[in-house]
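Enquirer: input36.cif is reproduced below (mmCIF, C-alpha atoms, pLDDT in the B column; chains and numbers go by the auth columns).
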data_entry
loop_
_atom_site.group_PDB
_atom_site.id
_atom_site.type_symbol
_atom_site.label_atom_id
_atom_site.label_comp_id
_atom_site.label_asym_id
_atom_site.label_seq_id
_atom_site.Cartn_x
_atom_site.Cartn_y
_atom_site.Cartn_z
_atom_site.B_iso_or_equiv
_atom_site.auth_seq_id
_atom_site.auth_asym_id
ATOM 1 C CA MET A 1 0.000 0.000 0.000 53.00 1136 A
ATOM 2 C CA SER A 2 1.460 3.316 -0.981 62.00 1137 A
ATOM 3 C CA LEU A 3 1.358 6.474 1.058 63.00 1138 A
ATOM 4 C CA ASN A 4 -0.780 9.306 -0.244 81.00 1139 A
ATOM 5 C CA ARG A 5 -2.282 12.556 0.962 80.00 1140 A
ATOM 6 C CA THR A 6 -5.680 11.061 1.785 84.00 1141 A
ATOM 7 C CA ALA A 7 -4.184 8.352 3.972 83.00 1142 A
ATOM 8 C CA LYS A 8 -2.029 10.923 5.734 85.00 1143 A
ATOM 9 C CA GLY A 9 -5.100 13.025 6.491 85.00 1144 A
ATOM 10 C CA ILE A 10 -7.042 10.014 7.729 88.00 1145 A
ATOM 11 C CA VAL A 11 -4.253 9.257 10.187 87.00 1146 A
ATOM 12 C CA LEU A 12 -3.530 12.861 11.159 91.00 1147 A
ATOM 13 C CA VAL A 13 -6.989 14.000 12.225 92.00 1148 A
ATOM 14 C CA PRO A 14 -7.842 11.227 14.738 93.00 1149 A
ATOM 15 C CA CYS A 15 -4.319 11.271 16.154 94.00 1150 A
ATOM 16 C CA LEU A 16 -4.447 15.007 16.784 94.00 1151 A
ATOM 17 C CA LEU A 17 -7.947 14.884 18.241 95.00 1152 A
ATOM 18 C CA LEU A 18 -7.269 11.938 20.546 95.00 1153 A
ATOM 19 C CA GLY A 19 -3.847 13.278 21.509 96.00 1154 A
ATOM 20 C CA GLY A 20 -5.396 16.623 22.408 95.00 1155 A
ATOM 21 C CA CYS A 21 -8.084 14.909 24.464 95.00 1156 A
ATOM 22 C CA PHE A 22 -5.525 12.914 26.429 95.00 1157 A
ATOM 23 C CA LEU A 23 -3.423 16.018 27.057 94.00 1158 A
ATOM 24 C CA ALA A 24 -6.511 17.946 28.175 94.00 1159 A
ATOM 25 C CA ALA A 25 -7.480 15.101 30.500 91.00 1160 A
ATOM 26 C CA ALA A 26 -3.991 15.179 31.993 91.00 1161 A
ATOM 27 C CA ALA A 27 -4.140 18.947 32.474 91.00 1162 A
ATOM 28 C CA TRP A 28 -7.543 19.042 34.172 90.00 1163 A
ATOM 29 C CA SER A 29 -7.576 15.790 36.128 82.00 1164 A
ATOM 30 C CA ASP A 30 -8.465 16.105 39.808 84.00 1165 A
ATOM 31 C CA GLY A 31 -8.854 13.679 42.660 83.00 1166 A
ATOM 32 C CA ALA A 32 -8.512 9.975 41.983 82.00 1167 A
ATOM 33 C CA ALA A 33 -7.986 10.519 38.250 80.00 1168 A
ATOM 34 C CA SER A 34 -4.774 12.440 38.893 86.00 1169 A
ATOM 35 C CA ALA A 35 -2.978 9.114 39.401 89.00 1170 A
ATOM 36 C CA ASN A 36 -3.374 8.511 35.660 91.00 1171 A
ATOM 37 C CA ARG A 37 -1.814 11.843 34.672 93.00 1172 A
ATOM 38 C CA PRO A 38 1.540 10.359 33.490 94.00 1173 A
ATOM 39 C CA LEU A 39 -0.293 7.785 31.364 94.00 1174 A
ATOM 40 C CA ALA A 40 -2.511 10.455 29.805 94.00 1175 A
ATOM 41 C CA LEU A 41 0.515 12.648 29.072 95.00 1176 A
ATOM 42 C CA ALA A 42 2.393 9.751 27.482 96.00 1177 A
ATOM 43 C CA LEU A 43 -0.569 8.676 25.332 96.00 1178 A
ATOM 44 C CA GLY A 44 -1.297 12.246 24.262 96.00 1179 A
ATOM 45 C CA ALA A 45 2.298 12.928 23.312 96.00 1180 A
ATOM 46 C CA ALA A 46 2.586 9.605 21.447 97.00 1181 A
ATOM 47 C CA LEU A 47 -0.589 10.233 19.454 96.00 1182 A
ATOM 48 C CA LEU A 48 0.375 13.796 18.575 95.00 1183 A
ATOM 49 C CA GLY A 49 3.847 12.642 17.574 95.00 1184 A
ATOM 50 C CA ALA A 50 2.493 9.819 15.411 93.00 1185 A
ATOM 51 C CA GLY A 51 0.033 12.130 13.672 92.00 1186 A
ATOM 52 C CA LEU A 52 2.684 14.710 12.911 91.00 1187 A
ATOM 53 C CA LEU A 53 5.178 12.032 11.852 91.00 1188 A
ATOM 54 C CA THR A 54 2.796 10.864 9.129 87.00 1189 A
ATOM 55 C CA GLN A 55 2.976 14.314 7.582 87.00 1190 A
ATOM 56 C CA VAL A 56 6.776 14.206 7.462 87.00 1191 A
ATOM 57 C CA LEU A 57 7.053 10.817 5.731 81.00 1192 A
ATOM 58 C CA PRO A 58 7.771 11.158 2.000 79.00 1193 A
ATOM 59 C CA GLU A 59 5.199 10.009 -0.525 74.00 1194 A
ATOM 60 C CA ARG A 60 6.129 7.186 -2.875 70.00 1195 A
ATOM 61 C CA PRO A 61 5.863 7.970 -6.582 68.00 1196 A
ATOM 62 C CA LYS A 62 3.129 6.122 -8.452 68.00 1197 A
ATOM 63 C CA ALA A 63 4.158 3.022 -10.411 67.00 1198 A
ATOM 64 C CA GLY A 64 3.068 4.570 -13.708 63.00 1199 A
ATOM 65 C CA GLN A 65 4.991 7.726 -12.927 62.00 1200 A
ATOM 66 C CA VAL A 66 8.206 5.777 -12.297 57.00 1201 A
ATOM 67 C CA ALA A 67 7.850 3.926 -15.597 55.00 1202 A
ATOM 68 C CA SER A 68 7.140 7.121 -17.528 56.00 1203 A
ATOM 69 C CA ASP A 69 10.164 8.812 -15.938 55.00 1204 A
ATOM 70 C CA ALA A 70 12.361 5.901 -17.004 56.00 1205 A
ATOM 71 C CA ASN A 71 10.960 6.057 -20.541 59.00 1206 A
ATOM 72 C CA ALA A 72 11.570 9.811 -20.687 56.00 1207 A
ATOM 73 C CA ALA A 73 15.179 9.352 -19.569 56.00 1208 A
ATOM 74 C CA GLN A 74 15.675 6.624 -22.145 60.00 1209 A
ATOM 75 C CA ALA A 75 14.125 8.765 -24.880 58.00 1210 A
ATOM 76 C CA SER A 76 16.461 11.642 -24.075 59.00 1211 A
ATOM 77 C CA ASP A 77 19.510 9.348 -24.518 57.00 1212 A
ATOM 78 C CA PRO A 78 21.089 10.171 -27.917 57.00 1213 A
ATOM 79 C CA LYS A 79 22.076 6.542 -28.576 60.00 1214 A
ATOM 80 C CA THR A 80 19.377 4.418 -30.143 54.00 1215 A
ATOM 81 C CA GLU A 81 19.039 0.684 -29.660 55.00 1216 A
ATOM 82 C CA SER A 82 20.490 -0.028 -33.102 56.00 1217 A
ATOM 83 C CA GLN A 83 23.580 2.032 -32.305 58.00 1218 A
ATOM 84 C CA VAL A 84 24.048 0.250 -28.988 57.00 1219 A
ATOM 85 C CA ASP A 85 23.632 -3.209 -30.582 58.00 1220 A
ATOM 86 C CA SER A 86 26.074 -2.489 -33.422 60.00 1221 A
ATOM 87 C CA GLN A 87 28.932 -1.617 -31.107 60.00 1222 A
ATOM 88 C CA PRO A 88 31.519 -4.453 -30.573 58.00 1223 A
#
Would you encode the structure as structure tokens?
Expert:
Amino acid sequence: MSLNRTAKGIVLVPCLLLGGCFLAAAAWSDGAASANRPLALALGAALLGAGLLTQVLPERPKAGQVASDANAAQASDPKTESQVDSQP
């Protein structure tokens, strides 16, 4: 499966929303829930980091695009196949 903009967006939005929720829960936890503050901070930071990391990953070129780039490079080569085959 190749990476593309749509997949990056699908991963980014839930990660940012859930990460923000966990960070907010850590910031406003009172009473018995305050014991879970380190866990909420860790989960929030991990989700935010994962969501932002997906935006940094490079996209793979499409298979058709790679083939067309190779054909274009071959077409720009001044030697033709007959010239290459005739050489000793």
Enquirer: Report as a list in words all protein, DNA and RNA residues lying within 8 Å of region 1146-1153 of chain A, evaluated on all atoms listed in the file, omitting residues in the same chain fewer than 3 positions from it.
Expert: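 With the cut-off at 8 Å, the set is Ala1142, Lys1143, Cys1156, Phe1157, Gly1179, Leu1182, Leu1183, Ala1185, Gly1186, Leu1187, Thr1189 and Gln1190 of chain A.
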Enquirer: Between CA of Leu1174 (chain A) and CA of Ala1161 (chain A), measure the distance and give it in Å to one decimal.
Expert: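 These two atoms are separated by 8.3 Å.
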Enquirer: One decimal, in Å: what's the spacing between CA of Leu1188 (chain A) and CA of Asn1139 (chain A)?
Expert: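 Atom-to-atom, CA of Leu1188 (chain A) to CA of Asn1139 (chain A), that is 13.8 Å.
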Enquirer: Leaving out Ala1160 (chain A) and any residue of its chain fewer than 3 positions from it, which residues lie within 10 Å of it when counting all atoms listed in the file, given as a PyMOL selection string?
Expert: chain A and resi 1154-1157+1163-1165+1168-1169+1171-1172+1175-1176+1179
Enquirer: What is the distance between CA of Leu1158 (chain A) and CA of Ala1180 (chain A), in Å to one decimal?
Expert: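 Distance reported for this atom pair: 7.5 Å.
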